[in-house]
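Shown below: model30.cif, with mmCIF, C-alpha atoms and all ligand atoms.
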```
data_target
#
loop_
_atom_site.group_PDB
_atom_site.id
_atom_site.type_symbol
_atom_site.label_atom_id
_atom_site.label_comp_id
_atom_site.auth_asym_id
_atom_site.auth_seq_id
_atom_site.Cartn_x
_atom_site.Cartn_y
_atom_site.Cartn_z
ATOM 1 C CA MET H 16 0.000 0.000 0.000
ATOM 2 C CA ALA H 17 1.160 3.502 -0.698
ATOM 3 C CA LEU H 18 -0.047 7.029 -0.132
ATOM 4 C CA LEU H 19 -0.143 9.091 -3.296
ATOM 5 C CA LYS H 20 0.322 12.852 -3.667
ATOM 6 C CA ILE H 21 -2.856 14.723 -4.558
ATOM 7 C CA LEU H 22 -2.636 17.511 -7.151
ATOM 8 C CA ILE H 23 -4.068 20.825 -5.917
ATOM 9 C CA PHE H 24 -6.075 23.294 -8.048
ATOM 10 C CA PRO H 25 -4.984 25.163 -10.210
ATOM 11 C CA ASP H 26 -2.407 22.504 -11.175
ATOM 12 C CA PRO H 27 -2.692 22.212 -14.990
ATOM 13 C CA ARG H 28 -2.337 18.418 -14.801
ATOM 14 C CA LEU H 29 -5.892 18.356 -13.355
ATOM 15 C CA ARG H 30 -7.033 19.431 -16.852
ATOM 16 C CA LYS H 31 -5.751 16.332 -18.688
ATOM 17 C CA VAL H 32 -8.319 13.945 -20.174
ATOM 18 C CA ALA H 33 -7.768 10.390 -18.891
ATOM 19 C CA GLU H 34 -7.389 7.351 -21.181
ATOM 20 C CA PRO H 35 -9.626 4.252 -21.016
ATOM 21 C CA ILE H 36 -8.173 1.218 -19.210
ATOM 22 C CA LYS H 37 -7.709 -1.670 -21.652
ATOM 23 C CA ASP H 38 -6.819 -4.432 -19.204
ATOM 24 C CA VAL H 39 -7.877 -4.790 -15.575
ATOM 25 C CA ASP H 40 -4.575 -6.310 -14.475
ATOM 26 C CA GLU H 41 -2.638 -6.440 -11.190
ATOM 27 C CA SER H 42 -1.331 -2.895 -11.687
ATOM 28 C CA ILE H 43 -4.904 -1.586 -11.780
ATOM 29 C CA LYS H 44 -5.781 -3.545 -8.611
ATOM 30 C CA LYS H 45 -2.774 -2.020 -6.844
ATOM 31 C CA LEU H 46 -3.663 1.436 -8.174
ATOM 32 C CA SER H 47 -7.218 1.121 -6.819
ATOM 33 C CA LYS H 48 -5.927 0.043 -3.375
ATOM 34 C CA ASP H 49 -3.484 2.956 -3.249
ATOM 35 C CA MET H 50 -6.224 5.359 -4.340
ATOM 36 C CA LEU H 51 -8.580 4.087 -1.606
ATOM 37 C CA GLU H 52 -5.820 4.426 0.999
ATOM 38 C CA THR H 53 -5.064 7.972 -0.201
ATOM 39 C CA MET H 54 -8.769 8.881 -0.174
ATOM 40 C CA TYR H 55 -9.306 7.546 3.374
ATOM 41 C CA GLU H 56 -6.137 9.286 4.610
ATOM 42 C CA GLY H 57 -7.499 12.587 3.299
ATOM 43 C CA SER H 58 -10.966 11.941 4.815
ATOM 44 C CA GLY H 59 -12.433 11.976 1.314
ATOM 45 C CA ILE H 60 -15.471 10.209 -0.110
ATOM 46 C CA GLY H 61 -14.247 10.126 -3.714
ATOM 47 C CA LEU H 62 -10.967 10.241 -5.636
ATOM 48 C CA ALA H 63 -10.278 10.090 -9.373
ATOM 49 C CA ALA H 64 -6.932 8.907 -10.802
ATOM 50 C CA THR H 65 -6.405 12.314 -12.446
ATOM 51 C CA GLN H 66 -6.059 13.805 -8.950
ATOM 52 C CA ILE H 67 -2.984 11.663 -8.268
ATOM 53 C CA ASN H 68 -1.522 12.443 -11.710
ATOM 54 C CA VAL H 69 -2.456 9.073 -13.219
ATOM 55 C CA HIS H 70 -4.387 9.740 -16.410
ATOM 56 C CA LYS H 71 -6.419 6.536 -16.569
ATOM 57 C CA ARG H 72 -10.212 6.291 -16.328
ATOM 58 C CA ILE H 73 -10.767 5.011 -12.796
ATOM 59 C CA PHE H 74 -12.241 6.458 -9.622
ATOM 60 C CA VAL H 75 -12.840 5.167 -6.108
ATOM 61 C CA THR H 76 -15.489 6.131 -3.583
ATOM 62 C CA ASP H 77 -16.840 5.191 -0.174
ATOM 63 C CA ILE H 78 -19.884 7.074 1.052
ATOM 64 C CA SER H 79 -20.569 4.789 4.038
ATOM 65 C CA GLU H 80 -20.556 6.291 7.542
ATOM 66 C CA ASP H 81 -17.812 3.968 8.770
ATOM 67 C CA LYS H 82 -15.644 3.667 5.647
ATOM 68 C CA THR H 83 -16.551 0.010 5.132
ATOM 69 C CA ASN H 84 -17.867 0.203 1.575
ATOM 70 C CA PRO H 85 -15.009 0.892 -0.837
ATOM 71 C CA MET H 86 -16.132 0.975 -4.481
ATOM 72 C CA VAL H 87 -14.013 1.035 -7.634
ATOM 73 C CA PHE H 88 -15.306 2.201 -11.030
ATOM 74 C CA ILE H 89 -13.219 1.547 -14.141
ATOM 75 C CA ASN H 90 -14.025 3.260 -17.463
ATOM 76 C CA PRO H 91 -17.201 4.798 -15.971
ATOM 77 C CA GLU H 92 -19.611 6.375 -18.442
ATOM 78 C CA ILE H 93 -22.926 8.116 -17.977
ATOM 79 C CA VAL H 94 -25.158 6.199 -20.382
ATOM 80 C CA GLU H 95 -28.494 7.783 -19.421
ATOM 81 C CA ILE H 96 -29.750 10.745 -17.479
ATOM 82 C CA ILE H 97 -32.759 9.159 -15.797
ATOM 83 C CA ASP H 98 -33.891 12.251 -13.876
ATOM 84 C CA PRO H 99 -32.693 15.423 -15.614
ATOM 85 C CA ILE H 100 -34.105 17.674 -12.889
ATOM 86 C CA LYS H 101 -31.026 19.170 -11.290
ATOM 87 C CA LYS H 102 -30.321 18.926 -7.583
ATOM 88 C CA SER H 103 -27.892 21.202 -5.773
ATOM 89 C CA TYR H 104 -25.277 19.792 -3.410
ATOM 90 C CA SER H 105 -22.471 21.453 -1.448
ATOM 91 C CA GLU H 106 -19.489 19.680 -3.004
ATOM 92 C CA GLY H 107 -15.933 19.438 -1.765
ATOM 93 C CA CYS H 108 -12.833 18.108 -3.519
ATOM 94 C CA LEU H 109 -9.542 16.741 -2.199
ATOM 95 C CA SER H 110 -7.852 18.842 -4.934
ATOM 96 C CA ILE H 111 -9.591 22.014 -3.670
ATOM 97 C CA PRO H 112 -9.037 21.676 0.104
ATOM 98 C CA GLY H 113 -11.025 23.907 2.417
ATOM 99 C CA PHE H 114 -13.646 24.998 -0.121
ATOM 100 C CA TYR H 115 -17.221 23.803 -0.520
ATOM 101 C CA GLU H 116 -19.489 25.100 -3.267
ATOM 102 C CA GLU H 117 -23.062 24.414 -4.380
ATOM 103 C CA VAL H 118 -23.123 22.576 -7.719
ATOM 104 C CA GLU H 119 -26.257 21.522 -9.631
ATOM 105 C CA ARG H 120 -26.298 18.154 -11.393
ATOM 106 C CA PRO H 121 -28.957 15.734 -12.715
ATOM 107 C CA ALA H 122 -30.546 13.909 -9.764
ATOM 108 C CA LYS H 123 -30.468 10.377 -11.180
ATOM 109 C CA VAL H 124 -28.103 8.853 -13.748
ATOM 110 C CA LYS H 125 -27.385 5.417 -15.162
ATOM 111 C CA ILE H 126 -23.711 4.588 -15.549
ATOM 112 C CA SER H 127 -21.761 1.723 -17.057
ATOM 113 C CA PHE H 128 -18.362 0.696 -15.736
ATOM 114 C CA ILE H 129 -15.949 -2.229 -15.477
ATOM 115 C CA THR H 130 -15.438 -3.948 -12.107
ATOM 116 C CA LEU H 131 -12.096 -5.111 -10.670
ATOM 117 C CA ASP H 132 -13.109 -8.574 -11.939
ATOM 118 C CA GLY H 133 -13.244 -7.177 -15.464
ATOM 119 C CA GLN H 134 -17.056 -7.416 -15.698
ATOM 120 C CA LYS H 135 -19.123 -4.701 -17.374
ATOM 121 C CA GLU H 136 -21.989 -3.502 -15.199
ATOM 122 C CA TYR H 137 -24.777 -0.942 -15.352
ATOM 123 C CA ILE H 138 -26.220 0.784 -12.285
ATOM 124 C CA GLU H 139 -28.657 3.572 -11.556
ATOM 125 C CA LEU H 140 -27.357 6.129 -9.092
ATOM 126 C CA GLU H 141 -29.161 8.760 -7.062
ATOM 127 C CA ASP H 142 -28.560 10.912 -3.999
ATOM 128 C CA LEU H 143 -24.960 11.355 -2.854
ATOM 129 C CA LEU H 144 -23.539 8.535 -4.988
ATOM 130 C CA ALA H 145 -24.937 10.169 -8.140
ATOM 131 C CA VAL H 146 -23.278 13.451 -7.142
ATOM 132 C CA VAL H 147 -19.931 11.801 -6.388
ATOM 133 C CA ALA H 148 -19.939 9.729 -9.610
ATOM 134 C CA GLN H 149 -20.653 12.793 -11.768
ATOM 135 C CA HIS H 150 -17.990 14.825 -9.903
ATOM 136 C CA GLU H 151 -15.387 12.039 -10.360
ATOM 137 C CA ILE H 152 -16.228 11.377 -14.036
ATOM 138 C CA ASP H 153 -15.752 15.126 -14.583
ATOM 139 C CA HIS H 154 -12.206 14.788 -13.122
ATOM 140 C CA LEU H 155 -11.449 12.086 -15.725
ATOM 141 C CA ASP H 156 -12.460 14.614 -18.395
ATOM 142 C CA GLY H 157 -10.297 17.360 -16.866
ATOM 143 C CA LYS H 158 -13.270 19.198 -15.353
ATOM 144 C CA LEU H 159 -13.496 20.545 -11.814
ATOM 145 C CA MET H 160 -16.406 21.606 -9.593
ATOM 146 C CA VAL H 161 -15.090 25.201 -9.719
ATOM 147 C CA ASP H 162 -15.916 25.232 -13.447
ATOM 148 C CA PHE H 163 -19.592 25.420 -12.415
ATOM 149 C CA ILE H 164 -19.326 28.397 -10.048
ATOM 150 C CA SER H 165 -18.923 32.111 -10.765
ATOM 151 C CA SER H 166 -15.572 33.212 -12.175
ATOM 152 C CA VAL H 167 -15.188 35.642 -9.262
ATOM 153 C CA LYS H 168 -15.440 32.796 -6.744
ATOM 154 C CA ARG H 169 -13.212 30.555 -8.882
ATOM 155 C CA GLU H 170 -10.473 33.211 -9.106
ATOM 156 C CA MET H 171 -10.685 33.816 -5.347
ATOM 157 C CA ILE H 172 -10.163 30.086 -4.717
ATOM 158 C CA ARG H 173 -7.345 29.985 -7.295
ATOM 159 C CA LYS H 174 -5.535 32.862 -5.558
ATOM 160 C CA LYS H 175 -5.919 31.380 -2.078
ATOM 161 C CA LEU H 176 -4.714 27.910 -3.092
ATOM 162 C CA SER H 177 -1.862 29.265 -5.257
ATOM 163 C CA LYS H 178 -0.564 31.320 -2.322
ATOM 164 C CA LYS H 179 -0.745 28.288 -0.031
ATOM 165 C CA ARG H 180 1.456 26.265 -2.373
ATOM 166 C CA GLY H 181 3.896 29.178 -2.912
HETATM 167 C C1 LIG C 1 -16.198 14.581 -4.119
HETATM 168 O O1 LIG C 1 -14.687 15.038 -2.393
HETATM 169 C C2 LIG C 1 -17.512 15.041 -3.568
HETATM 170 O O2 LIG C 1 -11.993 20.508 1.390
HETATM 171 C C3 LIG C 1 -15.254 13.989 -3.131
HETATM 172 O O3 LIG C 1 -10.349 19.987 3.457
HETATM 173 C C4 LIG C 1 -17.631 15.571 -2.286
HETATM 174 O O4 LIG C 1 -13.916 13.637 -0.869
HETATM 175 C C5 LIG C 1 -18.595 14.956 -4.356
HETATM 176 C C6 LIG C 1 -12.180 16.867 1.397
HETATM 177 C C7 LIG C 1 -18.857 15.984 -1.829
HETATM 178 C C8 LIG C 1 -19.803 15.346 -3.884
HETATM 179 C C9 LIG C 1 -19.960 15.847 -2.627
HETATM 180 C C10 LIG C 1 -12.386 18.182 1.046
HETATM 181 C C11 LIG C 1 -11.343 16.596 2.455
HETATM 182 C C12 LIG C 1 -12.794 15.759 0.667
HETATM 183 C C13 LIG C 1 -11.778 19.212 1.742
HETATM 184 C C14 LIG C 1 -14.031 14.774 -1.228
HETATM 185 C C15 LIG C 1 -10.937 18.931 2.808
HETATM 186 C C16 LIG C 1 -10.730 17.618 3.166
HETATM 187 C C17 LIG C 1 -13.483 15.916 -0.486
HETATM 188 CO CO CO C 2 -12.804 16.197 -6.720
#
```

Go through the file and emit its structure as structure tokens.
Amino acid sequence: MALLKILIFPDPRLRKVAEPIKDVDESIKKLSKDMLETMYEGSGIGLAATQINVHKRIFVTDISEDKTNPMVFINPEIVEIIDPIKKSYSEGCLSIPGFYEEVERPAKVKISFITLDGQKEYIELEDLLAVVAQHEIDHLDGKLMVDFISSVKREMIRKKLSKKRG
């Protein structure tokens, strides 16, 4: 197991578009374990590979109260917006530490993904898991939650986090 370094906004590497995973091999299993460890260490509920400077389409999440439900999504895709009515949620991001912003997203989506066993699955997501999945899939496309807020707020966050990193 290893802790990985998380890129902090406005690092330009957060803007790269991740590549699909062709083979769910041992290296992907190790990557998912390291990502879960890194997410738990940072008290996060979701982490995309882009955030640790690995540009492959995989994210991990655990929205359970007691951190007992790790989930891994490989090559996740939104295949259907089941409920297009947008719901607002105060989102955070391990790459934007200390800031929470309201973001509106479709309330219910169907996604396809590959499991660690290499199986393709389809699931319908709602509530917090739908929010997290859409937030993490955005990371894999180089998008960040601050792209959905006002430019004044975004620039304020950029300045504060840039200063912090020197
Ligand atoms: C994405 O974000 C998410 O500012 C995951 O100081 C979060 O795990 C999607 C975190 C909420 C939807 C709703 C943030 C940890 C963790 C911080 C996270 C911080 C420490 C964020
Ligand atoms: Co994030």

Please identify the residues whose atoms come within 9 Å of ligand LIG 1 (chain C), using all atoms listed in the file, and report them as a PyMOL selection string.
chain H and resi 54-55+57-63+76-77+104-115+118+143-151+160

Could you tell me, as a PDB file with C-alpha atoms, in the frame of the given file, exactly which residues end up selected when the PyMOL selection byres (((chain H and resi 25) around 8) and not hetatm) is applied to this structure?
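Saved as selection26.pdb:
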```pdb
ATOM      1  CA  ILE H  23      -4.068  20.825  -5.917  1.00  0.00           C
ATOM      2  CA  PHE H  24      -6.075  23.294  -8.048  1.00  0.00           C
ATOM      3  CA  ASP H  26      -2.407  22.504 -11.175  1.00  0.00           C
ATOM      4  CA  PRO H  27      -2.692  22.212 -14.990  1.00  0.00           C
ATOM      5  CA  LEU H  29      -5.892  18.356 -13.355  1.00  0.00           C
ATOM      6  CA  ARG H 173      -7.345  29.985  -7.295  1.00  0.00           C
ATOM      7  CA  LEU H 176      -4.714  27.910  -3.092  1.00  0.00           C
ATOM      8  CA  SER H 177      -1.862  29.265  -5.257  1.00  0.00           C
TER       9      SER H 177
END
```

12 Å contact set for Asp132 (chain H), all atoms listed in the file, chain neighbours under 3 positions out, as a VMD selection string:
chain H and resid 38 to 41 43 to 44 87 to 89 128 to 129 135 to 136

Could you list, as a PyMOL selection string, every residue within 9 Å of Asn68 (chain H), counting all atoms listed in the file and ignoring same-chain residues fewer than 6 positions away?
chain H and resi 20-22+28-29

Distance query Val32 (chain H) at most 9 Å, all atoms listed in the file, self and fewer than 5 positions along chain excluded, as number ranges by chain
H: 65, 70-72, 154-158

Selection under test: the PyMOL selection byres (((chain H and resi 92-96) around 10) and not hetatm); residues as a VMD selection string:
chain H and resid 72 88 to 91 97 to 100 121 to 129 137 to 140 148 to 149 152

For ligand CO 2 (chain C), which of H:Thr130, H:Lys31, H:Gln66, H:Asp142 is the closest residue, counting only C-alpha atoms and all ligand atoms?
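Ranking H:Thr130, H:Lys31, H:Gln66, H:Asp142 by distance to ligand CO 2 (chain C), first place goes to H:Gln66.
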
Quick one: distance from CA of Lys168 (chain H) to CA of Glu116 (chain H) in Å, one decimal?
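Here the two named atoms are 9.4 Å from each other.
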
Residue among H:Val167, H:Lys174, H:Asp162, H:Thr83 lying closest to ligand CO 2 (chain C), counting all atoms listed in the file:
H:Asp162

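Closest approach to Asp49 (chain H) among H:Ile67, H:Ile164, H:Leu19, H:Ala33 is made by H:Leu19 (distances from all atoms listed in the file).
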
As an exercise, work out the distance from CA of Ala64 (chain H) to CA of Met50 (chain H) in Å and give it to one decimal place.
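Straight-line distance from CA of Ala64 (chain H) to CA of Met50 (chain H) works out to 7.4 Å.
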
May I ask for the distance between CA of Leu51 (chain H) and CA of Asn84 (chain H), given in Å to one decimal place?
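Interatomic distance, CA of Leu51 (chain H) to CA of Asn84 (chain H): 10.6 Å.
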
Which residue, H:Ala17, H:Ser47, H:Val69, H:Asp153, has the smallest gap to ligand CO 2 (chain C) when you use only C-alpha atoms and all ligand atoms?
H:Asp153

Selection dump of the PyMOL selection byres (((chain H and resi 119) around 6) and not hetatm), as a PyMOL selection string
chain H and resi 101-103+118+120

Hey, which of H:Lys48, H:Glu117, H:Thr53, H:Pro85 ends up closest to Val161 (chain H)? Count all atoms listed in the file.
H:Glu117

For region 103-111 of chain H, take all atoms listed in the file, fit an axis-aligned box around them, add 6 Å to each of the six sides, then output centre and edge lengths in Å rounded to one decimal, as AutoDock Vina command-line options.
```
--center_x -17.9 --center_y 19.4 --center_z -3.6 --size_x 32.0 --size_y 17.3 --size_z 16.3
```

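Residue nearest ligand CO 2 (chain C) within the list H:Leu46, H:Met86, H:Phe74, H:Lys175: H:Phe74 [criterion: smallest interatomic distance, only C-alpha atoms and all ligand atoms].
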
Starting from the block above, write region 89-165 of chain H out to a file with C-alpha atoms, as a PDB file, in the first residue's frame, please.
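Result went into out26.pdb, see below:
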```
ATOM      1  CA  ILE H  89     -13.219   1.547 -14.141  1.00  0.00           C
ATOM      2  CA  ASN H  90     -14.025   3.260 -17.463  1.00  0.00           C
ATOM      3  CA  PRO H  91     -17.201   4.798 -15.971  1.00  0.00           C
ATOM      4  CA  GLU H  92     -19.611   6.375 -18.442  1.00  0.00           C
ATOM      5  CA  ILE H  93     -22.926   8.116 -17.977  1.00  0.00           C
ATOM      6  CA  VAL H  94     -25.158   6.199 -20.382  1.00  0.00           C
ATOM      7  CA  GLU H  95     -28.494   7.783 -19.421  1.00  0.00           C
ATOM      8  CA  ILE H  96     -29.750  10.745 -17.479  1.00  0.00           C
ATOM      9  CA  ILE H  97     -32.759   9.159 -15.797  1.00  0.00           C
ATOM     10  CA  ASP H  98     -33.891  12.251 -13.876  1.00  0.00           C
ATOM     11  CA  PRO H  99     -32.693  15.423 -15.614  1.00  0.00           C
ATOM     12  CA  ILE H 100     -34.105  17.674 -12.889  1.00  0.00           C
ATOM     13  CA  LYS H 101     -31.026  19.170 -11.290  1.00  0.00           C
ATOM     14  CA  LYS H 102     -30.321  18.926  -7.583  1.00  0.00           C
ATOM     15  CA  SER H 103     -27.892  21.202  -5.773  1.00  0.00           C
ATOM     16  CA  TYR H 104     -25.277  19.792  -3.410  1.00  0.00           C
ATOM     17  CA  SER H 105     -22.471  21.453  -1.448  1.00  0.00           C
ATOM     18  CA  GLU H 106     -19.489  19.680  -3.004  1.00  0.00           C
ATOM     19  CA  GLY H 107     -15.933  19.438  -1.765  1.00  0.00           C
ATOM     20  CA  CYS H 108     -12.833  18.108  -3.519  1.00  0.00           C
ATOM     21  CA  LEU H 109      -9.542  16.741  -2.199  1.00  0.00           C
ATOM     22  CA  SER H 110      -7.852  18.842  -4.934  1.00  0.00           C
ATOM     23  CA  ILE H 111      -9.591  22.014  -3.670  1.00  0.00           C
ATOM     24  CA  PRO H 112      -9.037  21.676   0.104  1.00  0.00           C
ATOM     25  CA  GLY H 113     -11.025  23.907   2.417  1.00  0.00           C
ATOM     26  CA  PHE H 114     -13.646  24.998  -0.121  1.00  0.00           C
ATOM     27  CA  TYR H 115     -17.221  23.803  -0.520  1.00  0.00           C
ATOM     28  CA  GLU H 116     -19.489  25.100  -3.267  1.00  0.00           C
ATOM     29  CA  GLU H 117     -23.062  24.414  -4.380  1.00  0.00           C
ATOM     30  CA  VAL H 118     -23.123  22.576  -7.719  1.00  0.00           C
ATOM     31  CA  GLU H 119     -26.257  21.522  -9.631  1.00  0.00           C
ATOM     32  CA  ARG H 120     -26.298  18.154 -11.393  1.00  0.00           C
ATOM     33  CA  PRO H 121     -28.957  15.734 -12.715  1.00  0.00           C
ATOM     34  CA  ALA H 122     -30.546  13.909  -9.764  1.00  0.00           C
ATOM     35  CA  LYS H 123     -30.468  10.377 -11.180  1.00  0.00           C
ATOM     36  CA  VAL H 124     -28.103   8.853 -13.748  1.00  0.00           C
ATOM     37  CA  LYS H 125     -27.385   5.417 -15.162  1.00  0.00           C
ATOM     38  CA  ILE H 126     -23.711   4.588 -15.549  1.00  0.00           C
ATOM     39  CA  SER H 127     -21.761   1.723 -17.057  1.00  0.00           C
ATOM     40  CA  PHE H 128     -18.362   0.696 -15.736  1.00  0.00           C
ATOM     41  CA  ILE H 129     -15.949  -2.229 -15.477  1.00  0.00           C
ATOM     42  CA  THR H 130     -15.438  -3.948 -12.107  1.00  0.00           C
ATOM     43  CA  LEU H 131     -12.096  -5.111 -10.670  1.00  0.00           C
ATOM     44  CA  ASP H 132     -13.109  -8.574 -11.939  1.00  0.00           C
ATOM     45  CA  GLY H 133     -13.244  -7.177 -15.464  1.00  0.00           C
ATOM     46  CA  GLN H 134     -17.056  -7.416 -15.698  1.00  0.00           C
ATOM     47  CA  LYS H 135     -19.123  -4.701 -17.374  1.00  0.00           C
ATOM     48  CA  GLU H 136     -21.989  -3.502 -15.199  1.00  0.00           C
ATOM     49  CA  TYR H 137     -24.777  -0.942 -15.352  1.00  0.00           C
ATOM     50  CA  ILE H 138     -26.220   0.784 -12.285  1.00  0.00           C
ATOM     51  CA  GLU H 139     -28.657   3.572 -11.556  1.00  0.00           C
ATOM     52  CA  LEU H 140     -27.357   6.129  -9.092  1.00  0.00           C
ATOM     53  CA  GLU H 141     -29.161   8.760  -7.062  1.00  0.00           C
ATOM     54  CA  ASP H 142     -28.560  10.912  -3.999  1.00  0.00           C
ATOM     55  CA  LEU H 143     -24.960  11.355  -2.854  1.00  0.00           C
ATOM     56  CA  LEU H 144     -23.539   8.535  -4.988  1.00  0.00           C
ATOM     57  CA  ALA H 145     -24.937  10.169  -8.140  1.00  0.00           C
ATOM     58  CA  VAL H 146     -23.278  13.451  -7.142  1.00  0.00           C
ATOM     59  CA  VAL H 147     -19.931  11.801  -6.388  1.00  0.00           C
ATOM     60  CA  ALA H 148     -19.939   9.729  -9.610  1.00  0.00           C
ATOM     61  CA  GLN H 149     -20.653  12.793 -11.768  1.00  0.00           C
ATOM     62  CA  HIS H 150     -17.990  14.825  -9.903  1.00  0.00           C
ATOM     63  CA  GLU H 151     -15.387  12.039 -10.360  1.00  0.00           C
ATOM     64  CA  ILE H 152     -16.228  11.377 -14.036  1.00  0.00           C
ATOM     65  CA  ASP H 153     -15.752  15.126 -14.583  1.00  0.00           C
ATOM     66  CA  HIS H 154     -12.206  14.788 -13.122  1.00  0.00           C
ATOM     67  CA  LEU H 155     -11.449  12.086 -15.725  1.00  0.00           C
ATOM     68  CA  ASP H 156     -12.460  14.614 -18.395  1.00  0.00           C
ATOM     69  CA  GLY H 157     -10.297  17.360 -16.866  1.00  0.00           C
ATOM     70  CA  LYS H 158     -13.270  19.198 -15.353  1.00  0.00           C
ATOM     71  CA  LEU H 159     -13.496  20.545 -11.814  1.00  0.00           C
ATOM     72  CA  MET H 160     -16.406  21.606  -9.593  1.00  0.00           C
ATOM     73  CA  VAL H 161     -15.090  25.201  -9.719  1.00  0.00           C
ATOM     74  CA  ASP H 162     -15.916  25.232 -13.447  1.00  0.00           C
ATOM     75  CA  PHE H 163     -19.592  25.420 -12.415  1.00  0.00           C
ATOM     76  CA  ILE H 164     -19.326  28.397 -10.048  1.00  0.00           C
ATOM     77  CA  SER H 165     -18.923  32.111 -10.765  1.00  0.00           C
TER      78      SER H 165
END
```
